[in-house]
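**Student:** One file is attached below, entry-v2.cif, containing mmCIF, C-alpha atoms.
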```cif
data_upload
#
loop_
_atom_site.group_PDB
_atom_site.id
_atom_site.type_symbol
_atom_site.label_atom_id
_atom_site.label_comp_id
_atom_site.auth_asym_id
_atom_site.auth_seq_id
_atom_site.Cartn_x
_atom_site.Cartn_y
_atom_site.Cartn_z
ATOM 1 C CA MET Q 8 -105.294 -134.731 -48.469
ATOM 2 C CA ARG Q 9 -102.221 -136.898 -48.951
ATOM 3 C CA LEU Q 10 -99.047 -135.521 -47.443
ATOM 4 C CA ALA Q 11 -95.743 -136.189 -49.182
ATOM 5 C CA GLN Q 12 -93.426 -138.269 -47.021
ATOM 6 C CA ALA Q 13 -90.064 -136.630 -46.397
ATOM 7 C CA PRO Q 14 -87.073 -138.851 -47.260
ATOM 8 C CA PRO Q 15 -85.089 -140.121 -44.252
ATOM 9 C CA ALA Q 16 -82.101 -138.007 -43.219
ATOM 10 C CA GLN Q 17 -78.558 -139.062 -44.118
ATOM 11 C CA GLN Q 18 -77.072 -141.205 -41.355
ATOM 12 C CA GLU Q 19 -73.783 -140.124 -39.781
ATOM 13 C CA GLY Q 20 -73.232 -143.375 -37.852
ATOM 14 C CA PHE Q 21 -74.723 -146.729 -36.806
ATOM 15 C CA VAL Q 22 -75.989 -147.288 -33.234
ATOM 16 C CA PRO Q 23 -76.047 -150.891 -31.992
ATOM 17 C CA ILE Q 24 -79.044 -152.448 -30.234
ATOM 18 C CA ASP Q 25 -79.533 -155.992 -28.950
ATOM 19 C CA GLN Q 26 -83.274 -156.596 -29.508
ATOM 20 C CA LEU Q 27 -85.179 -156.149 -32.788
ATOM 21 C CA PRO Q 28 -88.647 -154.544 -32.718
ATOM 22 C CA PRO Q 29 -91.178 -157.312 -33.548
ATOM 23 C CA GLN Q 30 -92.355 -155.718 -36.812
ATOM 24 C CA GLU Q 31 -88.783 -155.825 -38.140
ATOM 25 C CA GLN Q 32 -88.101 -159.493 -37.639
ATOM 26 C CA TYR Q 33 -89.662 -160.882 -40.831
ATOM 27 C CA ALA Q 34 -89.813 -158.325 -43.605
ATOM 28 C CA ALA Q 35 -86.091 -157.717 -43.840
ATOM 29 C CA ALA Q 36 -85.106 -161.398 -43.804
ATOM 30 C CA PRO Q 37 -85.921 -162.220 -47.458
ATOM 31 C CA LEU Q 38 -83.959 -159.167 -48.591
ATOM 32 C CA LEU Q 39 -81.003 -160.129 -46.392
ATOM 33 C CA VAL Q 40 -81.021 -163.762 -47.526
ATOM 34 C CA GLY Q 41 -81.452 -162.660 -51.132
ATOM 35 C CA ALA Q 42 -78.484 -160.313 -50.925
ATOM 36 C CA TYR Q 43 -76.136 -162.882 -49.407
ATOM 37 C CA SER Q 44 -77.282 -165.626 -51.767
ATOM 38 C CA PHE Q 45 -76.752 -163.395 -54.783
ATOM 39 C CA VAL Q 46 -73.223 -162.508 -53.681
ATOM 40 C CA LEU Q 47 -72.210 -166.108 -53.029
ATOM 41 C CA VAL Q 48 -73.772 -167.418 -56.256
ATOM 42 C CA MET Q 49 -72.088 -164.719 -58.360
ATOM 43 C CA LEU Q 50 -68.681 -165.262 -56.750
ATOM 44 C CA PHE Q 51 -68.938 -169.034 -57.145
ATOM 45 C CA GLY Q 52 -70.134 -168.652 -60.743
ATOM 46 C CA TYR Q 53 -67.211 -166.407 -61.614
ATOM 47 C CA MET Q 54 -64.694 -168.811 -60.050
ATOM 48 C CA VAL Q 55 -66.160 -171.662 -62.102
ATOM 49 C CA SER Q 56 -66.021 -169.505 -65.258
ATOM 50 C CA VAL Q 57 -62.359 -168.580 -64.780
ATOM 51 C CA SER Q 58 -61.375 -172.149 -63.906
ATOM 52 C CA ARG Q 59 -63.097 -173.404 -67.061
ATOM 53 C CA ARG Q 60 -61.323 -170.833 -69.225
ATOM 54 C CA LEU Q 61 -57.978 -171.814 -67.724
ATOM 55 C CA GLY Q 62 -58.737 -175.488 -68.274
ATOM 56 C CA THR Q 63 -59.707 -174.919 -71.911
ATOM 57 C CA ILE Q 64 -56.510 -173.012 -72.643
ATOM 58 C CA GLN Q 65 -54.393 -175.628 -70.868
ATOM 59 C CA ARG Q 66 -55.999 -178.450 -72.877
ATOM 60 C CA GLU Q 67 -55.420 -176.523 -76.103
ATOM 61 C CA MET Q 68 -51.758 -176.026 -75.200
ATOM 62 C CA ASP Q 69 -51.339 -179.729 -74.400
ATOM 63 C CA ARG Q 70 -52.995 -180.644 -77.707
ATOM 64 C CA LEU Q 71 -50.725 -178.257 -79.593
ATOM 65 C CA ALA Q 72 -47.643 -179.604 -77.850
ATOM 66 C CA ALA Q 73 -48.693 -183.161 -78.768
ATOM 67 C CA ASP Q 74 -49.249 -182.115 -82.420
ATOM 68 C CA VAL Q 75 -45.833 -180.468 -82.583
ATOM 69 C CA LYS Q 76 -44.222 -183.568 -81.120
ATOM 70 C CA ARG Q 77 -46.038 -185.812 -83.592
ATOM 71 C CA SER Q 78 -45.137 -183.684 -86.609
ATOM 72 C CA GLY Q 79 -41.536 -183.543 -85.385
ATOM 73 C CA LYS Q 80 -41.347 -187.326 -85.254
ATOM 74 C CA GLY Q 81 -43.090 -187.743 -88.611
ATOM 75 C CA MET O 5 -49.558 -170.773 -59.767
ATOM 76 C CA PRO O 6 -47.469 -169.534 -56.807
ATOM 77 C CA LYS O 7 -47.089 -171.704 -53.690
ATOM 78 C CA TRP O 8 -49.167 -169.338 -51.536
ATOM 79 C CA PHE O 9 -52.212 -169.605 -53.832
ATOM 80 C CA LEU O 10 -53.720 -172.842 -52.530
ATOM 81 C CA PRO O 11 -53.268 -172.088 -48.778
ATOM 82 C CA ALA O 12 -54.672 -168.595 -49.348
ATOM 83 C CA ALA O 13 -57.644 -170.066 -51.242
ATOM 84 C CA ILE O 14 -58.354 -172.469 -48.369
ATOM 85 C CA VAL O 15 -58.167 -169.658 -45.805
ATOM 86 C CA CYS O 16 -60.430 -167.492 -47.961
ATOM 87 C CA GLY O 17 -62.975 -170.280 -48.347
ATOM 88 C CA LEU O 18 -63.013 -170.904 -44.602
ATOM 89 C CA MET O 19 -63.495 -167.200 -43.919
ATOM 90 C CA PHE O 20 -66.532 -167.102 -46.207
ATOM 91 C CA VAL O 21 -67.977 -170.196 -44.534
ATOM 92 C CA VAL O 22 -67.488 -168.627 -41.086
ATOM 93 C CA SER O 23 -68.655 -165.118 -42.086
ATOM 94 C CA PRO O 24 -72.428 -165.762 -41.717
ATOM 95 C CA PHE O 25 -71.844 -166.825 -38.098
ATOM 96 C CA VAL O 26 -69.712 -163.757 -37.397
ATOM 97 C CA ILE O 27 -72.394 -161.541 -38.962
ATOM 98 C CA ALA O 28 -75.218 -163.294 -37.100
ATOM 99 C CA ASN O 29 -73.492 -162.455 -33.805
ATOM 100 C CA ALA O 30 -73.206 -158.759 -34.699
ATOM 101 C CA PRO O 31 -75.778 -156.419 -33.115
ATOM 102 C CA PHE O 32 -78.657 -154.841 -35.057
ATOM 103 C CA ASP O 33 -78.772 -151.161 -36.004
ATOM 104 C CA SER O 34 -81.266 -149.069 -34.031
ATOM 105 C CA THR O 35 -82.642 -147.400 -37.197
ATOM 106 C CA MET O 36 -82.537 -150.186 -39.802
ATOM 107 C CA GLY O 37 -82.761 -153.307 -37.696
ATOM 108 C CA LEU O 38 -81.996 -156.632 -39.382
ATOM 109 C CA VAL O 39 -81.632 -155.420 -42.981
ATOM 110 C CA TYR O 40 -78.567 -153.337 -42.092
ATOM 111 C CA LYS O 41 -76.543 -156.587 -41.966
ATOM 112 C CA ILE O 42 -76.414 -156.497 -45.755
ATOM 113 C CA PHE O 43 -73.727 -153.867 -44.982
ATOM 114 C CA TYR O 44 -71.200 -156.602 -44.165
ATOM 115 C CA TYR O 45 -71.167 -157.856 -47.788
ATOM 116 C CA HIS O 46 -72.263 -154.652 -49.515
ATOM 117 C CA MET O 47 -69.452 -152.442 -48.221
ATOM 118 C CA PRO O 48 -66.552 -154.880 -48.935
ATOM 119 C CA SER O 49 -68.003 -155.435 -52.433
ATOM 120 C CA ALA O 50 -68.009 -151.679 -52.977
ATOM 121 C CA TRP O 51 -64.421 -151.360 -51.771
ATOM 122 C CA MET O 52 -63.290 -154.137 -54.118
ATOM 123 C CA PHE O 53 -65.188 -152.479 -56.978
ATOM 124 C CA LEU O 54 -63.385 -149.186 -56.384
ATOM 125 C CA THR O 55 -60.024 -150.930 -55.894
ATOM 126 C CA ALA O 56 -60.469 -152.843 -59.145
ATOM 127 C CA SER O 57 -61.334 -149.626 -61.001
ATOM 128 C CA VAL O 58 -58.160 -147.967 -59.697
ATOM 129 C CA ILE O 59 -55.975 -150.976 -60.568
ATOM 130 C CA CYS O 60 -57.492 -151.071 -64.050
ATOM 131 C CA GLY O 61 -56.730 -147.389 -64.614
ATOM 132 C CA VAL O 62 -53.205 -147.494 -63.203
ATOM 133 C CA ALA O 63 -52.309 -150.641 -65.163
ATOM 134 C CA SER O 64 -53.828 -149.105 -68.299
ATOM 135 C CA ALA O 65 -51.770 -145.941 -67.832
ATOM 136 C CA ARG O 66 -48.611 -148.044 -67.454
ATOM 137 C CA PHE O 67 -49.534 -150.044 -70.536
ATOM 138 C CA LEU O 68 -50.061 -146.870 -72.578
ATOM 139 C CA ALA O 69 -46.746 -145.467 -71.332
ATOM 140 C CA THR O 70 -44.583 -148.569 -71.718
ATOM 141 C CA GLY O 71 -46.429 -150.867 -74.132
ATOM 142 C CA ASP O 72 -45.729 -153.772 -71.758
ATOM 143 C CA ALA O 73 -48.360 -156.466 -72.297
ATOM 144 C CA ARG O 74 -48.206 -157.521 -68.625
ATOM 145 C CA HIS O 75 -49.857 -154.250 -67.600
ATOM 146 C CA ASP O 76 -52.520 -154.798 -70.240
ATOM 147 C CA ARG O 77 -53.293 -158.251 -68.842
ATOM 148 C CA THR O 78 -53.537 -156.825 -65.315
ATOM 149 C CA ALA O 79 -55.862 -154.060 -66.532
ATOM 150 C CA TRP O 80 -58.105 -156.571 -68.310
ATOM 151 C CA ALA O 81 -58.310 -158.758 -65.212
ATOM 152 C CA ALA O 82 -59.038 -155.738 -63.022
ATOM 153 C CA ALA O 83 -61.843 -154.640 -65.378
ATOM 154 C CA GLU O 84 -63.522 -158.037 -64.926
ATOM 155 C CA MET O 85 -63.173 -157.655 -61.168
ATOM 156 C CA ALA O 86 -64.730 -154.184 -61.384
ATOM 157 C CA VAL O 87 -67.723 -155.575 -63.286
ATOM 158 C CA LEU O 88 -68.115 -158.499 -60.864
ATOM 159 C CA PHE O 89 -67.824 -156.546 -57.623
ATOM 160 C CA GLY O 90 -69.710 -153.653 -59.129
ATOM 161 C CA VAL O 91 -72.740 -155.837 -59.815
ATOM 162 C CA LEU O 92 -72.547 -157.207 -56.270
ATOM 163 C CA THR O 93 -72.580 -153.623 -54.936
ATOM 164 C CA LEU O 94 -75.358 -152.441 -57.250
ATOM 165 C CA VAL O 95 -77.631 -155.382 -56.364
ATOM 166 C CA THR O 96 -77.040 -155.623 -52.600
ATOM 167 C CA GLY O 97 -77.439 -151.843 -52.292
ATOM 168 C CA PRO O 98 -81.022 -151.701 -53.646
ATOM 169 C CA LEU O 99 -81.992 -154.782 -51.617
ATOM 170 C CA TRP O 100 -80.855 -152.872 -48.539
ATOM 171 C CA ALA O 101 -82.393 -149.610 -49.731
ATOM 172 C CA ARG O 102 -85.829 -151.177 -50.317
ATOM 173 C CA LYS O 103 -86.204 -151.744 -46.579
ATOM 174 C CA ALA O 104 -84.094 -148.861 -45.242
ATOM 175 C CA TRP O 105 -85.316 -146.071 -47.585
ATOM 176 C CA GLY O 106 -88.597 -147.495 -48.879
ATOM 177 C CA THR O 107 -87.340 -147.474 -52.478
ATOM 178 C CA TRP O 108 -85.179 -149.731 -54.678
ATOM 179 C CA TRP O 109 -83.195 -146.918 -56.280
ATOM 180 C CA VAL O 110 -82.364 -143.229 -55.780
ATOM 181 C CA TRP O 111 -80.535 -141.126 -58.365
ATOM 182 C CA ASP O 112 -78.212 -139.581 -55.798
ATOM 183 C CA ALA O 113 -74.561 -138.687 -56.416
ATOM 184 C CA ARG O 114 -72.893 -141.824 -55.026
ATOM 185 C CA ILE O 115 -75.265 -144.390 -56.490
ATOM 186 C CA THR O 116 -75.414 -142.725 -59.911
ATOM 187 C CA SER O 117 -71.645 -142.295 -60.147
ATOM 188 C CA SER O 118 -71.158 -145.918 -59.062
ATOM 189 C CA LEU O 119 -73.474 -147.025 -61.877
ATOM 190 C CA VAL O 120 -71.487 -144.907 -64.337
ATOM 191 C CA GLY O 121 -68.205 -146.429 -63.087
ATOM 192 C CA TRP O 122 -69.614 -149.925 -63.484
ATOM 193 C CA MET O 123 -70.791 -149.135 -67.027
ATOM 194 C CA ILE O 124 -67.292 -147.898 -67.901
ATOM 195 C CA ALA O 125 -65.855 -151.242 -66.746
ATOM 196 C CA TRP O 126 -68.458 -153.055 -68.854
ATOM 197 C CA ALA O 127 -67.563 -150.881 -71.845
ATOM 198 C CA TYR O 128 -63.905 -151.866 -71.356
ATOM 199 C CA LEU O 129 -64.763 -155.568 -71.574
ATOM 200 C CA ILE O 130 -67.057 -155.129 -74.574
ATOM 201 C CA LEU O 131 -64.359 -153.154 -76.366
ATOM 202 C CA ARG O 132 -61.771 -155.871 -75.657
ATOM 203 C CA LYS O 133 -64.100 -158.589 -76.912
ATOM 204 C CA TYR O 134 -65.397 -156.930 -80.071
ATOM 205 C CA GLY O 135 -62.990 -154.062 -80.765
ATOM 206 C CA GLY O 136 -60.479 -155.999 -82.859
ATOM 207 C CA PRO O 137 -56.827 -154.960 -83.298
ATOM 208 C CA GLY O 138 -55.907 -151.848 -81.349
ATOM 209 C CA SER O 139 -58.737 -152.289 -78.858
ATOM 210 C CA GLU O 140 -56.253 -152.806 -76.047
ATOM 211 C CA LYS O 141 -55.108 -149.184 -76.316
ATOM 212 C CA LEU O 142 -58.625 -147.817 -76.788
ATOM 213 C CA SER O 143 -59.873 -149.679 -73.732
ATOM 214 C CA ALA O 144 -56.822 -148.541 -71.754
ATOM 215 C CA GLY O 145 -57.799 -144.956 -72.497
ATOM 216 C CA LEU O 146 -61.367 -145.680 -71.399
ATOM 217 C CA ALA O 147 -60.133 -147.204 -68.132
ATOM 218 C CA LEU O 148 -58.542 -143.874 -67.182
ATOM 219 C CA PHE O 149 -62.035 -142.356 -66.994
ATOM 220 C CA GLY O 150 -63.159 -145.181 -64.737
ATOM 221 C CA THR O 151 -60.297 -144.450 -62.343
ATOM 222 C CA ALA O 152 -60.973 -140.698 -62.423
ATOM 223 C CA ASN O 153 -64.543 -141.479 -61.334
ATOM 224 C CA VAL O 154 -63.440 -143.312 -58.156
ATOM 225 C CA PRO O 155 -62.570 -140.297 -55.912
ATOM 226 C CA PHE O 156 -65.836 -138.728 -57.030
ATOM 227 C CA ILE O 157 -67.784 -141.805 -55.931
ATOM 228 C CA TYR O 158 -66.069 -141.779 -52.536
ATOM 229 C CA VAL O 159 -66.433 -138.068 -51.628
ATOM 230 C CA SER O 160 -69.866 -137.567 -53.208
ATOM 231 C CA VAL O 161 -71.678 -138.408 -49.971
ATOM 232 C CA ASN O 162 -69.777 -135.648 -48.145
ATOM 233 C CA TYR O 163 -70.371 -132.845 -50.644
ATOM 234 C CA TRP O 164 -73.802 -133.502 -52.125
ATOM 235 C CA ARG O 165 -77.200 -133.819 -50.456
ATOM 236 C CA THR O 166 -77.580 -137.590 -50.487
ATOM 237 C CA ILE O 167 -79.567 -140.312 -48.789
ATOM 238 C CA HIS O 168 -76.609 -142.724 -48.780
ATOM 239 C CA PRO O 169 -74.794 -143.100 -45.400
ATOM 240 C CA ALA O 170 -71.792 -140.793 -45.029
ATOM 241 C CA THR O 171 -68.122 -141.780 -44.918
ATOM 242 C CA THR O 172 -68.197 -141.094 -41.157
ATOM 243 C CA VAL O 173 -70.074 -144.371 -40.608
ATOM 244 C CA VAL O 174 -67.136 -146.776 -40.860
ATOM 245 C CA PRO O 175 -64.597 -144.895 -38.675
ATOM 246 C CA THR O 176 -67.220 -144.449 -35.922
ATOM 247 C CA LEU O 177 -68.404 -148.060 -35.773
ATOM 248 C CA PRO O 178 -68.283 -149.656 -32.302
ATOM 249 C CA PHE O 179 -66.168 -152.809 -31.993
ATOM 250 C CA SER O 180 -69.197 -155.107 -32.071
ATOM 251 C CA MET O 181 -69.972 -153.841 -35.584
ATOM 252 C CA GLY O 182 -66.431 -153.080 -36.695
ATOM 253 C CA PHE O 183 -65.035 -156.570 -36.127
ATOM 254 C CA PRO O 184 -67.507 -158.346 -38.465
ATOM 255 C CA LEU O 185 -66.853 -155.652 -41.069
ATOM 256 C CA LEU O 186 -63.082 -156.129 -40.777
ATOM 257 C CA PHE O 187 -63.541 -159.904 -41.005
ATOM 258 C CA CYS O 188 -65.625 -159.659 -44.180
ATOM 259 C CA LEU O 189 -63.345 -157.016 -45.677
ATOM 260 C CA THR O 190 -60.353 -159.309 -45.131
ATOM 261 C CA ALA O 191 -62.176 -162.231 -46.745
ATOM 262 C CA PHE O 192 -63.191 -160.112 -49.744
ATOM 263 C CA THR O 193 -59.698 -158.661 -50.144
ATOM 264 C CA LEU O 194 -58.148 -162.128 -50.081
ATOM 265 C CA LEU O 195 -60.713 -163.334 -52.614
ATOM 266 C CA PHE O 196 -60.009 -160.318 -54.817
ATOM 267 C CA VAL O 197 -56.267 -161.052 -54.830
ATOM 268 C CA LEU O 198 -56.869 -164.715 -55.648
ATOM 269 C CA LEU O 199 -59.354 -163.998 -58.432
ATOM 270 C CA ILE O 200 -57.224 -161.347 -60.095
ATOM 271 C CA LYS O 201 -54.186 -163.646 -59.914
ATOM 272 C CA LEU O 202 -56.222 -166.435 -61.524
ATOM 273 C CA ARG O 203 -57.594 -164.133 -64.211
ATOM 274 C CA VAL O 204 -54.127 -162.755 -65.058
ATOM 275 C CA ARG O 205 -52.951 -166.366 -65.355
ATOM 276 C CA VAL O 206 -55.708 -167.008 -67.929
ATOM 277 C CA ALA O 207 -54.520 -164.011 -69.945
ATOM 278 C CA GLU O 208 -50.864 -165.116 -69.701
ATOM 279 C CA GLN O 209 -51.675 -168.638 -70.880
ATOM 280 C CA GLN O 210 -53.782 -167.252 -73.738
ATOM 281 C CA SER O 211 -50.819 -165.078 -74.805
ATOM 282 C CA ARG O 212 -48.522 -168.093 -74.722
ATOM 283 C CA LEU O 213 -51.011 -170.077 -76.792
ATOM 284 C CA ASP O 214 -51.302 -167.281 -79.370
ATOM 285 C CA ALA O 215 -47.510 -167.018 -79.551
ATOM 286 C CA LEU O 216 -47.264 -170.788 -80.088
ATOM 287 C CA TYR O 217 -49.745 -170.659 -82.970
ATOM 288 C CA LEU O 218 -47.848 -167.755 -84.534
ATOM 289 C CA SER O 219 -44.516 -169.559 -84.260
ATOM 290 C CA LEU O 220 -46.062 -172.659 -85.824
ATOM 291 C CA ASP O 221 -47.375 -170.571 -88.729
ATOM 292 C CA ASP O 222 -43.939 -168.992 -89.189
ATOM 293 C CA ALA O 223 -42.282 -172.438 -89.108
ATOM 294 C CA ARG O 224 -44.548 -173.589 -91.956
#
```
What does the file become when written as structure tokens?

**Tutor:**
Amino acid sequence: MRLAQAPPAQQEGFVPIDQLPPQEQYAAAPLLVGAYSFVLVMLFGYMVSVSRRLGTIQREMDRLAADVKRSGKG
Amino acid sequence: MPKWFLPAAIVCGLMFVVSPFVIANAPFDSTMGLVYKIFYYHMPSAWMFLTASVICGVASARFLATGDARHDRTAWAAAEMAVLFGVLTLVTGPLWARKAWGTWWVWDARITSSLVGWMIAWAYLILRKYGGPGSEKLSAGLALFGTANVPFIYVSVNYWRTIHPATTVVPTLPFSMGFPLLFCLTAFTLLFVLLIKLRVRVAEQQSRLDALYLSLDDAR
């Protein structure tokens, strides 16, 4: 007969320890690395996106200013 | 951009480079072991998500009250921040939960309400992109619901039966765990300020460009 596993209780605080149990040392690492990598990639990607948008608008404004200057001279 | 922007960006970048070393030196948790260290990026992301949702709602309310386009630009920038930091929270959380709880996702009060808040921020951006004229006021109204959701997200773990750690965790952290959290929270807050400033600048320049085109059309 299979017994249903009770969900873990809600934690009220974190308790520090210095040494990891051996069975913990590998399985969590890919999840940890994945989480940090995802955060850094997303943040970097967003910064690149915003910088590109700003650059596009700035180039458009420079082009418009040049057109206005040219049509003013002509 | 203001004079403080570049020095602040350099400091922020250095903090993010240093943060893995600070986190590596933090102790493990007796219950969750190594995977608990996702906490040091997950929790600051969540705080920035909630902060962005509040800023979006407050700026939207000011825009609706005054009609000042500056508040609209701030609200739009804050909505993008809410989507960005919301996705960081909603991805790092399940990666942590898979190891800590044995499941990727639980439909408990905090996690579900966070997902709803994130979807509201997404809806704001979609409305701004495809809503046409008048969408700025419609999206401002929507943002108010996102802000109203924030206190609910925060207190949900205290009032509902939930698997998510309680709000008592952070105030009771020992120094060895609290310092890395404070370090990462500072880095994320600085990054948030820089990104929202940059995003508002994009909106300001776009407004100037639109005004230039309009004045050129009028001149013809």

**Student:** List every residue of range 15-92 of chain O that has an atom at most 12 Å from any atom of range 42-62 of chain Q, giving for each one its closest atom pair and the distance in Å to one decimal, counting only C-alpha atoms, sorted by chain and then by ascending residue number, as a Markdown table.

**Tutor:**
```
| residue | atom | partner | partner_atom | distance |
| --- | --- | --- | --- | --- |
| O:Gly17 | CA | Q:Phe51 | CA | 10.7 |
| O:Phe20 | CA | Q:Leu47 | CA | 8.9 |
| O:Val21 | CA | Q:Leu47 | CA | 10.3 |
| O:Ser23 | CA | Q:Tyr43 | CA | 10.7 |
| O:Pro24 | CA | Q:Tyr43 | CA | 9.0 |
| O:Ile27 | CA | Q:Tyr43 | CA | 11.2 |
| O:Val39 | CA | Q:Ala42 | CA | 9.8 |
| O:Tyr40 | CA | Q:Ala42 | CA | 11.3 |
| O:Lys41 | CA | Q:Tyr43 | CA | 9.8 |
| O:Ile42 | CA | Q:Ala42 | CA | 6.8 |
| O:Phe43 | CA | Q:Ala42 | CA | 10.0 |
| O:Tyr44 | CA | Q:Tyr43 | CA | 9.6 |
| O:Tyr45 | CA | Q:Tyr43 | CA | 7.3 |
| O:His46 | CA | Q:Ala42 | CA | 8.5 |
| O:Pro48 | CA | Q:Val46 | CA | 11.2 |
| O:Ser49 | CA | Q:Val46 | CA | 8.9 |
| O:Ala81 | CA | Q:Val57 | CA | 10.6 |
| O:Glu84 | CA | Q:Tyr53 | CA | 9.7 |
| O:Met85 | CA | Q:Tyr53 | CA | 9.6 |
| O:Val87 | CA | Q:Tyr53 | CA | 11.0 |
| O:Leu88 | CA | Q:Met49 | CA | 7.8 |
| O:Phe89 | CA | Q:Leu50 | CA | 8.8 |
| O:Gly90 | CA | Q:Val46 | CA | 11.0 |
| O:Val91 | CA | Q:Met49 | CA | 9.0 |
| O:Leu92 | CA | Q:Val46 | CA | 5.9 |
```

**Student:** Starting from chain O, keep only residues with some atom at most 6 Å from an atom of chain Q, counting all atoms listed in the file, and report them as a list in words.

**Tutor:**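 Therefore, the residues near the partner are Pro31, Phe32, Asp33, Ser34, Val39, Ile42, Leu92, Thr96, Leu99, Ile167, Pro169, Ala170, Thr172, Val173 and Val206 of chain O.
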
**Student:** For range 42-54 of chain Q, I'd like the enclosing box, axis-aligned and padded by 5 Å on every side, reported as AutoDock Vina command-line options with centre and edge lengths in Å to one decimal.

**Tutor:**
```
--center_x -71.6 --center_y -164.7 --center_z -55.5 --size_x 23.8 --size_y 18.7 --size_z 22.2
```

**Student:** List the spatial neighbours of range 57-63 of chain O as a list in words - criterion: any atom at most 8 Å away, only C-alpha atoms, same-chain residues fewer than 3 positions off excluded.

**Tutor:**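 In the requested form, the answer reads Phe53, Leu54, Arg66, Phe67, His75, Asp76, Thr78, Ala79, Trp80, Ala81, Ala82, Ala83, Ala86, Gly121, Ala125, Ala144, Ala147, Leu148, Phe149, Gly150, Thr151 and Val154 of chain O.
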
**Student:** To one decimal place in Å, what is the distance between CA of Gly37 in chain O and CA of Lys103 in chain O?

**Tutor:**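 The value is 9.7 Å.
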
**Student:** Please indicate the distance in Å from CA of Thr176 in chain O to CA of Val159 in chain O, rounded to one decimal place.

**Tutor:**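 Value for the CA of Thr176 in chain O-CA of Val159 in chain O distance: 17.0 Å.
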